[in-house]
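Heads up: the structure comes next, in structure tokens.
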Amino acid sequence: MSPLIRPCQIDDLDRIQAIYAHHVLTGTGTFELDPPSRAEIETRWRAVVSAGWPWLVAEADGAVLGYAYAGPFRARAAYAHTVEDSIYLDLRAQGRGLGKALLFALMAAAREAGAREMLAVIGDSQNRASINLHKACGFRSVGAFERVGFKFDRWLDIVLMQSSLRPEDTN
Ligand SMILES: CC(C)(COP(=O)(O)OP(=O)(O)OC[C@H]1O[C@@H](n2cnc3c(N)ncnc32)[C@H](O)[C@@H]1OP(=O)(O)O)[C@@H](O)C(=O)NCCC(=O)NCCS
């Protein structure tokens, strides 16, 4: 069955908390060290959707396999049309094209919601899955900050990538 991509509902948050907790505890894609609680995930979800930005999940056979959302890049007012994406899949759902489907859907939804630029701040310059995912979705590399994170006894870079969601807006 091909996965359904749809807006996140409150009942999805338990699964989202579990998926994200796994990546916090085992990966360098996120620089969080302690998994946020279900209540904290709900606070983050409410902040994204109440600001009018998309938070999507991919579901198959009734199970949430992953999620992606577009949040504000920074709070200051002039950043209002720039969002940053976040995307996390269940380990068993990775490497099968689902990330690409979810990120393309998120880009379309963010554009629809009024975003002009989407940024990816990718934890760890060795995170080939995330870098290649963003490349495959048309993001270009715009730089990196080196050794700005420290996790699992390793100094970590962040890779910065960007996609213009409204390339027709040239001014
Ligand atoms: C990053 C992530 C969302 C990508 O989703 P995915 O479903 O695994 O990726 P896809 O199968 O859609 O592949 C997308 C592209 O990345 C490439 N790719 C996927 N996994 C890869 C890997 N482990 N190494 C190198 N390239 C990889 C694919 O070949 C594909 O490129 P192509 O279309 O040019 O062939 C997923 O792997 C994940 O949840 N990783 C852990 C959490 C994480 O790092 N999130 C991002 C935080 S910045």
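Naming scheme: A, B, ... for chains in displayed order of the structure tokens; residues 1 onward per chain; ligands 1 onward as shown.
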
- [ ] For A:Arg96, list every protein, DNA or RNA residue within 12 Å, evaluated using only C-alpha atoms, and leave out those in the same chain fewer than 5 positions away; present the list as a ChimeraX atom specification.
- [x] /A:2-3,65,89-91,101-102,129,133

May I have the residues within 8 Å of ligand 1, computed using only C-alpha atoms and all ligand atoms, as a PDB file with N, CA and C atoms, in the first residue's frame?
ATOM      1  N   HIS A  23      15.628   9.234  17.011  1.00  0.00           N
ATOM      2  CA  HIS A  23      16.685   9.975  16.307  1.00  0.00           C
ATOM      3  C   HIS A  23      17.496  10.850  17.269  1.00  0.00           C
ATOM      4  N   GLY A  27      21.033   9.474  16.638  1.00  0.00           N
ATOM      5  CA  GLY A  27      21.545  10.120  15.424  1.00  0.00           C
ATOM      6  C   GLY A  27      22.070  11.520  15.654  1.00  0.00           C
ATOM      7  N   THR A  28      22.713  12.045  14.606  1.00  0.00           N
ATOM      8  CA  THR A  28      23.284  13.392  14.673  1.00  0.00           C
ATOM      9  C   THR A  28      22.531  14.367  13.748  1.00  0.00           C
ATOM     10  N   GLY A  29      21.403  13.923  13.188  1.00  0.00           N
ATOM     11  CA  GLY A  29      20.584  14.820  12.365  1.00  0.00           C
ATOM     12  C   GLY A  29      19.945  15.910  13.203  1.00  0.00           C
ATOM     13  N   THR A  30      19.693  15.605  14.473  1.00  0.00           N
ATOM     14  CA  THR A  30      19.208  16.618  15.416  1.00  0.00           C
ATOM     15  C   THR A  30      20.276  16.815  16.486  1.00  0.00           C
ATOM     16  N   GLY A  66       6.380   8.539   9.367  1.00  0.00           N
ATOM     17  CA  GLY A  66       7.298   9.665   9.415  1.00  0.00           C
ATOM     18  C   GLY A  66       6.524  10.963   9.353  1.00  0.00           C
ATOM     19  N   SER A  86      11.855  20.344   8.827  1.00  0.00           N
ATOM     20  CA  SER A  86      12.335  19.251   9.674  1.00  0.00           C
ATOM     21  C   SER A  86      11.661  17.982   9.188  1.00  0.00           C
ATOM     22  N   ILE A  87      12.413  16.890   9.096  1.00  0.00           N
ATOM     23  CA  ILE A  87      11.833  15.649   8.562  1.00  0.00           C
ATOM     24  C   ILE A  87      12.483  14.442   9.239  1.00  0.00           C
ATOM     25  N   TYR A  88      11.653  13.544   9.724  1.00  0.00           N
ATOM     26  CA  TYR A  88      12.132  12.352  10.433  1.00  0.00           C
ATOM     27  C   TYR A  88      11.246  11.164  10.077  1.00  0.00           C
ATOM     28  N   LEU A  89      11.886  10.057   9.723  1.00  0.00           N
ATOM     29  CA  LEU A  89      11.153   8.841   9.395  1.00  0.00           C
ATOM     30  C   LEU A  89      11.485   7.734  10.382  1.00  0.00           C
ATOM     31  N   ASP A  90      10.517   6.856  10.573  1.00  0.00           N
ATOM     32  CA  ASP A  90      10.777   5.616  11.299  1.00  0.00           C
ATOM     33  C   ASP A  90      11.917   4.884  10.570  1.00  0.00           C
ATOM     34  N   LEU A  91      12.806   4.300  11.338  1.00  0.00           N
ATOM     35  CA  LEU A  91      13.971   3.601  10.781  1.00  0.00           C
ATOM     36  C   LEU A  91      13.568   2.635   9.660  1.00  0.00           C
ATOM     37  N   ALA A  93      11.220   2.761   7.602  1.00  0.00           N
ATOM     38  CA  ALA A  93      10.637   3.380   6.399  1.00  0.00           C
ATOM     39  C   ALA A  93      11.680   4.146   5.579  1.00  0.00           C
ATOM     40  N   GLN A  94      12.936   4.141   6.046  1.00  0.00           N
ATOM     41  CA  GLN A  94      13.955   4.956   5.370  1.00  0.00           C
ATOM     42  C   GLN A  94      14.481   4.284   4.105  1.00  0.00           C
ATOM     43  N   GLY A  95      14.971   5.128   3.176  1.00  0.00           N
ATOM     44  CA  GLY A  95      15.660   4.613   1.992  1.00  0.00           C
ATOM     45  C   GLY A  95      14.755   4.028   0.931  1.00  0.00           C
ATOM     46  N   ARG A  96      13.461   4.374   0.983  1.00  0.00           N
ATOM     47  CA  ARG A  96      12.522   3.818   0.009  1.00  0.00           C
ATOM     48  C   ARG A  96      11.752   4.909  -0.739  1.00  0.00           C
ATOM     49  N   GLY A  97      12.270   6.135  -0.667  1.00  0.00           N
ATOM     50  CA  GLY A  97      11.618   7.220  -1.412  1.00  0.00           C
ATOM     51  C   GLY A  97      10.570   7.983  -0.630  1.00  0.00           C
ATOM     52  N   LEU A  98      10.303   7.562   0.607  1.00  0.00           N
ATOM     53  CA  LEU A  98       9.246   8.228   1.374  1.00  0.00           C
ATOM     54  C   LEU A  98       9.660   9.648   1.787  1.00  0.00           C
ATOM     55  N   GLY A  99      10.948   9.804   2.137  1.00  0.00           N
ATOM     56  CA  GLY A  99      11.423  11.134   2.523  1.00  0.00           C
ATOM     57  C   GLY A  99      11.196  12.128   1.394  1.00  0.00           C
ATOM     58  N   LYS A 100      11.508  11.681   0.166  1.00  0.00           N
ATOM     59  CA  LYS A 100      11.354  12.554  -0.992  1.00  0.00           C
ATOM     60  C   LYS A 100       9.882  12.935  -1.189  1.00  0.00           C
ATOM     61  N   ALA A 101       8.995  11.952  -1.093  1.00  0.00           N
ATOM     62  CA  ALA A 101       7.562  12.239  -1.270  1.00  0.00           C
ATOM     63  C   ALA A 101       7.069  13.220  -0.201  1.00  0.00           C
ATOM     64  N   ALA A 120      17.122  24.385   4.914  1.00  0.00           N
ATOM     65  CA  ALA A 120      17.412  23.150   5.652  1.00  0.00           C
ATOM     66  C   ALA A 120      18.687  23.391   6.437  1.00  0.00           C
ATOM     67  N   VAL A 121      18.618  23.183   7.722  1.00  0.00           N
ATOM     68  CA  VAL A 121      19.801  23.292   8.581  1.00  0.00           C
ATOM     69  C   VAL A 121      20.093  21.867   9.026  1.00  0.00           C
ATOM     70  N   ILE A 122      20.998  21.214   8.296  1.00  0.00           N
ATOM     71  CA  ILE A 122      21.165  19.763   8.431  1.00  0.00           C
ATOM     72  C   ILE A 122      22.249  19.436   9.446  1.00  0.00           C
ATOM     73  N   GLY A 123      21.833  18.718  10.458  1.00  0.00           N
ATOM     74  CA  GLY A 123      22.787  18.301  11.473  1.00  0.00           C
ATOM     75  C   GLY A 123      23.743  17.277  10.890  1.00  0.00           C
ATOM     76  N   ASP A 124      25.054  17.614  10.952  1.00  0.00           N
ATOM     77  CA  ASP A 124      26.136  16.691  10.624  1.00  0.00           C
ATOM     78  C   ASP A 124      26.422  16.652   9.111  1.00  0.00           C
ATOM     79  N   ASN A 127      25.747  13.476   7.245  1.00  0.00           N
ATOM     80  CA  ASN A 127      24.369  12.970   7.141  1.00  0.00           C
ATOM     81  C   ASN A 127      23.974  12.900   5.666  1.00  0.00           C
ATOM     82  N   ARG A 128      24.540  11.885   4.971  1.00  0.00           N
ATOM     83  CA  ARG A 128      24.338  11.790   3.518  1.00  0.00           C
ATOM     84  C   ARG A 128      22.860  11.632   3.174  1.00  0.00           C
ATOM     85  N   ALA A 129      22.102  10.913   3.985  1.00  0.00           N
ATOM     86  CA  ALA A 129      20.680  10.693   3.654  1.00  0.00           C
ATOM     87  C   ALA A 129      19.953  12.034   3.583  1.00  0.00           C
ATOM     88  N   SER A 130      20.182  12.913   4.562  1.00  0.00           N
ATOM     89  CA  SER A 130      19.471  14.181   4.567  1.00  0.00           C
ATOM     90  C   SER A 130      19.996  15.126   3.485  1.00  0.00           C
ATOM     91  N   ILE A 131      21.319  15.167   3.311  1.00  0.00           N
ATOM     92  CA  ILE A 131      21.889  16.047   2.266  1.00  0.00           C
ATOM     93  C   ILE A 131      21.384  15.603   0.892  1.00  0.00           C
ATOM     94  N   ASN A 132      21.423  14.289   0.623  1.00  0.00           N
ATOM     95  CA  ASN A 132      20.974  13.805  -0.690  1.00  0.00           C
ATOM     96  C   ASN A 132      19.469  13.951  -0.861  1.00  0.00           C
ATOM     97  N   LEU A 133      18.724  13.779   0.221  1.00  0.00           N
ATOM     98  CA  LEU A 133      17.277  14.009   0.139  1.00  0.00           C
ATOM     99  C   LEU A 133      17.004  15.447  -0.311  1.00  0.00           C
ATOM    100  N   HIS A 134      17.657  16.394   0.342  1.00  0.00           N
ATOM    101  CA  HIS A 134      17.390  17.795  -0.008  1.00  0.00           C
ATOM    102  C   HIS A 134      17.848  18.109  -1.433  1.00  0.00           C
ATOM    103  N   LYS A 135      19.006  17.559  -1.820  1.00  0.00           N
ATOM    104  CA  LYS A 135      19.460  17.735  -3.217  1.00  0.00           C
ATOM    105  C   LYS A 135      18.423  17.186  -4.182  1.00  0.00           C
ATOM    106  N   ALA A 136      17.926  15.992  -3.877  1.00  0.00           N
ATOM    107  CA  ALA A 136      16.958  15.347  -4.769  1.00  0.00           C
ATOM    108  C   ALA A 136      15.667  16.163  -4.879  1.00  0.00           C
ATOM    109  N   CYS A 137      15.389  16.973  -3.867  1.00  0.00           N
ATOM    110  CA  CYS A 137      14.185  17.820  -3.892  1.00  0.00           C
ATOM    111  C   CYS A 137      14.504  19.226  -4.415  1.00  0.00           C
TER     112      CYS A 137
END

- [ ] Return the single residue from A:Tyr67, A:Phe150, A:Trp53, A:Tyr20 that is closest to A:Arg38, with distances computed using only C-alpha atoms.
- [x]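 Distance minimum relative to A:Arg38 lands on A:Tyr20.
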
Open item on the list: Show me, as number ranges by chain, the residues that have an atom within 7 Å of stretch 5-12 of chain A when counting only C-alpha atoms, minus same-chain residues fewer than 2 positions from it.
Closed with: A: 3, 14-16, 55-59, 102

- [ ] Just list the residues in stretch 70-153 of chain A DSSP gives alpha helix (DSSP H) on the backbone, as JSON, numbers by chain.
- [x] {"A": [98, 99, 100, 101, 102, 103, 104, 105, 106, 107, 108, 109, 110, 111, 112, 128, 129, 130, 131, 132, 133, 134, 135, 136]}

Suppose we keep N, CA and C atoms; can you now write the selection as a compact mmCIF listing (two decimals), in the first residue's frame?
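Produced file selection.txt, reproduced below:
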# COMPACT_ATOMS: atom_id res chain seq x y z
N LEU A 98 10.30 7.56 0.61
CA LEU A 98 9.25 8.23 1.37
C LEU A 98 9.66 9.65 1.79
N GLY A 99 10.95 9.80 2.14
CA GLY A 99 11.42 11.13 2.52
C GLY A 99 11.20 12.13 1.39
N LYS A 100 11.51 11.68 0.17
CA LYS A 100 11.35 12.55 -0.99
C LYS A 100 9.88 12.94 -1.19
N ALA A 101 8.99 11.95 -1.09
CA ALA A 101 7.56 12.24 -1.27
C ALA A 101 7.07 13.22 -0.20
N LEU A 102 7.52 13.00 1.02
CA LEU A 102 7.08 13.85 2.14
C LEU A 102 7.64 15.28 1.99
N LEU A 103 8.90 15.38 1.62
CA LEU A 103 9.50 16.73 1.50
C LEU A 103 8.89 17.49 0.32
N PHE A 104 8.67 16.82 -0.80
CA PHE A 104 8.01 17.51 -1.93
C PHE A 104 6.61 18.00 -1.50
N ALA A 105 5.89 17.17 -0.76
CA ALA A 105 4.54 17.57 -0.29
C ALA A 105 4.64 18.76 0.66
N LEU A 106 5.66 18.74 1.52
CA LEU A 106 5.84 19.85 2.46
C LEU A 106 6.17 21.15 1.73
N MET A 107 7.03 21.05 0.72
CA MET A 107 7.40 22.25 -0.05
C MET A 107 6.16 22.86 -0.73
N ALA A 108 5.32 22.00 -1.28
CA ALA A 108 4.10 22.50 -1.94
C ALA A 108 3.17 23.15 -0.92
N ALA A 109 3.04 22.51 0.24
CA ALA A 109 2.13 23.04 1.27
C ALA A 109 2.67 24.36 1.84
N ALA A 110 3.98 24.46 2.00
CA ALA A 110 4.56 25.69 2.55
C ALA A 110 4.42 26.83 1.54
N ARG A 111 4.61 26.51 0.28
CA ARG A 111 4.42 27.53 -0.76
C ARG A 111 2.97 28.03 -0.73
N GLU A 112 2.06 27.07 -0.67
CA GLU A 112 0.63 27.40 -0.61
C GLU A 112 0.32 28.29 0.60
N ARG A 128 24.54 11.89 4.97
CA ARG A 128 24.34 11.79 3.52
C ARG A 128 22.86 11.63 3.17
N ALA A 129 22.10 10.91 3.99
CA ALA A 129 20.68 10.69 3.65
C ALA A 129 19.95 12.03 3.58
N SER A 130 20.18 12.91 4.56
CA SER A 130 19.47 14.18 4.57
C SER A 130 20.00 15.13 3.49
N ILE A 131 21.32 15.17 3.31
CA ILE A 131 21.89 16.05 2.27
C ILE A 131 21.38 15.60 0.89
N ASN A 132 21.42 14.29 0.62
CA ASN A 132 20.97 13.81 -0.69
C ASN A 132 19.47 13.95 -0.86
N LEU A 133 18.72 13.78 0.22
CA LEU A 133 17.28 14.01 0.14
C LEU A 133 17.00 15.45 -0.31
N HIS A 134 17.66 16.39 0.34
CA HIS A 134 17.39 17.80 -0.01
C HIS A 134 17.85 18.11 -1.43
N LYS A 135 19.01 17.56 -1.82
CA LYS A 135 19.46 17.73 -3.22
C LYS A 135 18.42 17.19 -4.18
N ALA A 136 17.93 15.99 -3.88
CA ALA A 136 16.96 15.35 -4.77
C ALA A 136 15.67 16.16 -4.88

Open item on the list: Could you tell me how far atom CA of A:Pro36 sits from atom CA of A:Trp155, in Å to one decimal place?
Closed with: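 Computed distance, atom CA of A:Trp155 to atom CA of A:Pro36, equals 22.3 Å.
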
- [ ] To one decimal in Å, tell me the separation between atom CA of A:Tyr69 and atom CA of A:Glu117.
- [x] 14.1 Å

Open item on the list: Between A:Pro167, A:Gly149, A:Gly143, A:Gly71, which residue has the minimum interatomic distance to A:Val48, considering only C-alpha atoms?
Closed with: A:Gly71

Open item on the list: To one decimal place in Å, what is the distance between atom CA of A:Met118 and atom CA of A:Leu165?
Closed with: 6.8 Å

TODO: Identify, with DSSP run on backbone atoms, the residues in chain A assigned to strand (DSSP E or B), and express the list as a VMD selection string.
DONE: chain A and resid 4 to 7 55 to 60 63 to 72 82 to 89 117 to 123 140 to 151 154 to 164

Open item on the list: With distances taken over only C-alpha atoms, which residue among A:Ser164, A:Thr26, A:Gln126, A:Asn171 lies nearest A:Lys151?
Closed with: A:Thr26
